[in-house]
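Q: One structure, as structure tokens, below. Some questions next.
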Amino acid sequence: MSKIRENLSNGVASSIIRMIQENKYKPGSKLPNEMELSEMFNVSRTTIREAIKTLASNNIVEIVRGKGTFVTQKPGLINDPLGVSFIQDKNIILCLFETRLLIEPKVASLAAQRATIEDINKLQKLLIEMKEVIDKKENHSDIDIEFHTAIARATQNPIIERIIPIIIESIIEGYFETINVPGSAKKALNYHTNIFEAIRNGNPENAEKEMQEHLKATLEDITTVEKTKQF
């Protein structure tokens, strides 16, 4: 690619990012097609393709074959922002939970102070779904992820919401680490219920305490599993 075309495509990419930031194109919305963008920015379709490729590589847009180009739900946020999957450390799951213990109790506390009626209703719905799935002895990790995500969103803080991928990573790892620990699912449900009640009652101290106890209990289960692997 020539330097001139590279500069043009970068300029187009920057303009589209500004449009997204200004809410002209919202998460999930479809961008104009290649020809329309070419006319909009007065550049060649090749330049548009290069710009879209740059945006896609940075998880700002997603190209859906046969449908078009869409703004991602969380522009710019990749699934593994800290490169956790590339860290070669046998204690990575313990490190993830250590990080959660530093962050998530305070997140729950803030959620208790700021949660809206919609947030409360969402958490209650997820809690009911989680109980149903656990009673059937099915995999509840997806609902677990949604529950913790909803708590982070209830803080009304977009930066905290961007930390969710770290939380999700440890939930997935933690679930499969503790799946065979007797009573772990029921115990998790009890903690989630206590966390929900504290947030619903607008009690930040209890929300923080219950989240901390939940994470500590899960960490203890994981530590127990890790120790049995050594024998």
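Going through the structure tokens in order, the chains are called A, B, and so on, while each chain numbers its residues from 1 and the ligands are numbered from 1 in the order shown.
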Report as a PDB file with N, CA and C atoms, in the first residue's frame all protein, DNA and RNA residues lying within 10 Å of Ile52 of chain A, evaluated on only C-alpha atoms, omitting residues in the same chain fewer than 4 positions from it.

A:
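Below is the file part.pdb, written as the result:
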```pdb
ATOM      1  N   SER A   9      -6.617   6.086   4.125  1.00  0.00           N
ATOM      2  CA  SER A   9      -7.417   5.057   4.813  1.00  0.00           C
ATOM      3  C   SER A   9      -7.425   5.303   6.321  1.00  0.00           C
ATOM      4  N   ASN A  10      -6.284   5.729   6.872  1.00  0.00           N
ATOM      5  CA  ASN A  10      -6.225   6.049   8.307  1.00  0.00           C
ATOM      6  C   ASN A  10      -7.128   7.238   8.633  1.00  0.00           C
ATOM      7  N   VAL A  12      -9.863   8.103   6.974  1.00  0.00           N
ATOM      8  CA  VAL A  12     -11.248   7.622   6.899  1.00  0.00           C
ATOM      9  C   VAL A  12     -11.604   6.854   8.167  1.00  0.00           C
ATOM     10  N   ALA A  13     -10.685   5.976   8.613  1.00  0.00           N
ATOM     11  CA  ALA A  13     -10.908   5.188   9.823  1.00  0.00           C
ATOM     12  C   ALA A  13     -11.125   6.114  11.026  1.00  0.00           C
ATOM     13  N   ILE A  16     -14.601   7.717  10.875  1.00  0.00           N
ATOM     14  CA  ILE A  16     -15.663   6.784  11.254  1.00  0.00           C
ATOM     15  C   ILE A  16     -15.676   6.603  12.778  1.00  0.00           C
ATOM     16  N   GLU A  34     -19.902   0.037   0.956  1.00  0.00           N
ATOM     17  CA  GLU A  34     -18.600   0.489   0.447  1.00  0.00           C
ATOM     18  C   GLU A  34     -18.735   1.669  -0.516  1.00  0.00           C
ATOM     19  N   THR A  46     -11.119   1.128  -2.702  1.00  0.00           N
ATOM     20  CA  THR A  46      -9.955   0.427  -2.138  1.00  0.00           C
ATOM     21  C   THR A  46      -9.543   1.061  -0.815  1.00  0.00           C
ATOM     22  N   THR A  47      -9.556   2.386  -0.771  1.00  0.00           N
ATOM     23  CA  THR A  47      -9.215   3.102   0.464  1.00  0.00           C
ATOM     24  C   THR A  47     -10.229   2.775   1.560  1.00  0.00           C
ATOM     25  N   ILE A  48     -11.507   2.701   1.183  1.00  0.00           N
ATOM     26  CA  ILE A  48     -12.558   2.353   2.149  1.00  0.00           C
ATOM     27  C   ILE A  48     -12.319   0.948   2.699  1.00  0.00           C
ATOM     28  N   ALA A  56     -11.800  -3.154  11.735  1.00  0.00           N
ATOM     29  CA  ALA A  56     -12.145  -4.523  12.124  1.00  0.00           C
ATOM     30  C   ALA A  56     -11.048  -5.146  12.976  1.00  0.00           C
ATOM     31  N   SER A  57      -9.790  -4.856  12.629  1.00  0.00           N
ATOM     32  CA  SER A  57      -8.673  -5.431  13.379  1.00  0.00           C
ATOM     33  C   SER A  57      -8.595  -4.878  14.798  1.00  0.00           C
ATOM     34  N   ASN A  58      -9.210  -3.720  15.014  1.00  0.00           N
ATOM     35  CA  ASN A  58      -9.231  -3.118  16.347  1.00  0.00           C
ATOM     36  C   ASN A  58     -10.582  -3.307  17.045  1.00  0.00           C
ATOM     37  N   ILE A  60     -13.559  -2.506  16.243  1.00  0.00           N
ATOM     38  CA  ILE A  60     -14.457  -1.349  16.239  1.00  0.00           C
ATOM     39  C   ILE A  60     -15.660  -1.646  15.344  1.00  0.00           C
ATOM     40  N   VAL A  61     -15.402  -2.365  14.251  1.00  0.00           N
ATOM     41  CA  VAL A  61     -16.498  -2.833  13.401  1.00  0.00           C
ATOM     42  C   VAL A  61     -16.348  -4.328  13.170  1.00  0.00           C
ATOM     43  N   GLU A  62     -17.450  -4.934  12.766  1.00  0.00           N
ATOM     44  CA  GLU A  62     -17.453  -6.367  12.459  1.00  0.00           C
ATOM     45  C   GLU A  62     -18.038  -6.551  11.067  1.00  0.00           C
ATOM     46  N   ILE A  63     -17.341  -7.301  10.227  1.00  0.00           N
ATOM     47  CA  ILE A  63     -17.811  -7.555   8.872  1.00  0.00           C
ATOM     48  C   ILE A  63     -18.593  -8.867   8.871  1.00  0.00           C
ATOM     49  N   THR A  69     -21.277  -4.287   7.171  1.00  0.00           N
ATOM     50  CA  THR A  69     -20.341  -3.957   8.244  1.00  0.00           C
ATOM     51  C   THR A  69     -21.095  -3.284   9.378  1.00  0.00           C
TER      52      THR A  69
END
```

Q: Among segment 5-191 of chain A, which residues does DSSP mark as strand (DSSP E) when it is run on the backbone? Keep the chain and numbering as in the structure and answer as a list of chain:residue names.

A: A:Val61, A:Glu62, A:Ile63, A:Val64, A:Gly68, A:Thr69, A:Phe70, A:Val71

Q: Write out the residues from the selection above, keeping C-alpha atoms, as a PDB file, in the first residue's frame.

A:
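To be explicit, this is the file written out as again_22.pdb:
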```pdb
ATOM      1  CA  VAL A  61     -16.498  -2.833  13.401  1.00  0.00           C
ATOM      2  CA  GLU A  62     -17.453  -6.367  12.459  1.00  0.00           C
ATOM      3  CA  ILE A  63     -17.811  -7.555   8.872  1.00  0.00           C
ATOM      4  CA  VAL A  64     -20.729  -9.970   8.462  1.00  0.00           C
ATOM      5  CA  GLY A  68     -22.547  -5.710   5.700  1.00  0.00           C
ATOM      6  CA  THR A  69     -20.341  -3.957   8.244  1.00  0.00           C
ATOM      7  CA  PHE A  70     -21.614  -3.305  11.770  1.00  0.00           C
ATOM      8  CA  VAL A  71     -20.324  -1.362  14.772  1.00  0.00           C
TER       9      VAL A  71
END
```

Q: Quick one: everything within 6 Å of segment 197-204 of chain A, counting only C-alpha atoms, minus sequence neighbours fewer than 3 positions away in the same chain. Send it as a PyMOL selection string.

A: chain A and resi 109+112-113+194+207

Q: Using only C-alpha atoms, which of the listed residues (A:Ser141, A:Lys106, A:Thr149, A:Leu101) sits closest to Glu213 of chain A?

A: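 Of A:Ser141, A:Lys106, A:Thr149, A:Leu101, the one nearest Glu213 of chain A is A:Leu101, counting only C-alpha atoms.
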
Q: Counting only C-alpha atoms, figure out which residue out of A:Ala154, A:Glu104, A:Asp135, A:Leu96 gets nearest to Ile117 of chain A.

A: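 Answer, going by the shortest atom-to-atom distance: A:Ala154.
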
Q: Go through A:Val133, A:Leu77, A:Lys67, A:Pro105 and flag the residue nearest Pro32 of chain A, using only C-alpha atoms for the distances.

A: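 Nearest to Pro32 of chain A: A:Lys67.
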
Q: Among the residues of segment 5-191 of chain A, find those DSSP assigns to helix (DSSP H, G or I) from the backbone and print them as number ranges by chain.

A: A: 5-21, 34-41, 45-57, 84-86, 92-114, 117-135, 141-153, 158-162, 164-178, 184-191

Q: Of the candidates A:Ile159, A:Ile172, A:Ile92, A:Ile195, which shows the shortest atom-to-atom distance to Asn139 of chain A, using only C-alpha atoms?

A: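 Among the listed residues, the smallest separation from Asn139 of chain A belongs to A:Ile172.
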
Q: Determine, counting only C-alpha atoms, which protein, DNA and RNA residues have an atom within 10 Å of an atom of Gln124 of chain A; residues of the same chain fewer than 6 positions away are not included. Present the result as a list in words.

A: Glu118, Met130, Phe147, Thr193, Phe196, Glu197 and Arg200 of chain A

Q: Using only C-alpha atoms, which of A:Glu50, A:Glu98, A:Glu36, A:Asp221 sits nearest Ala185 of chain A?

A: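 That would be A:Asp221, the residue with the smallest distance to Ala185 of chain A.
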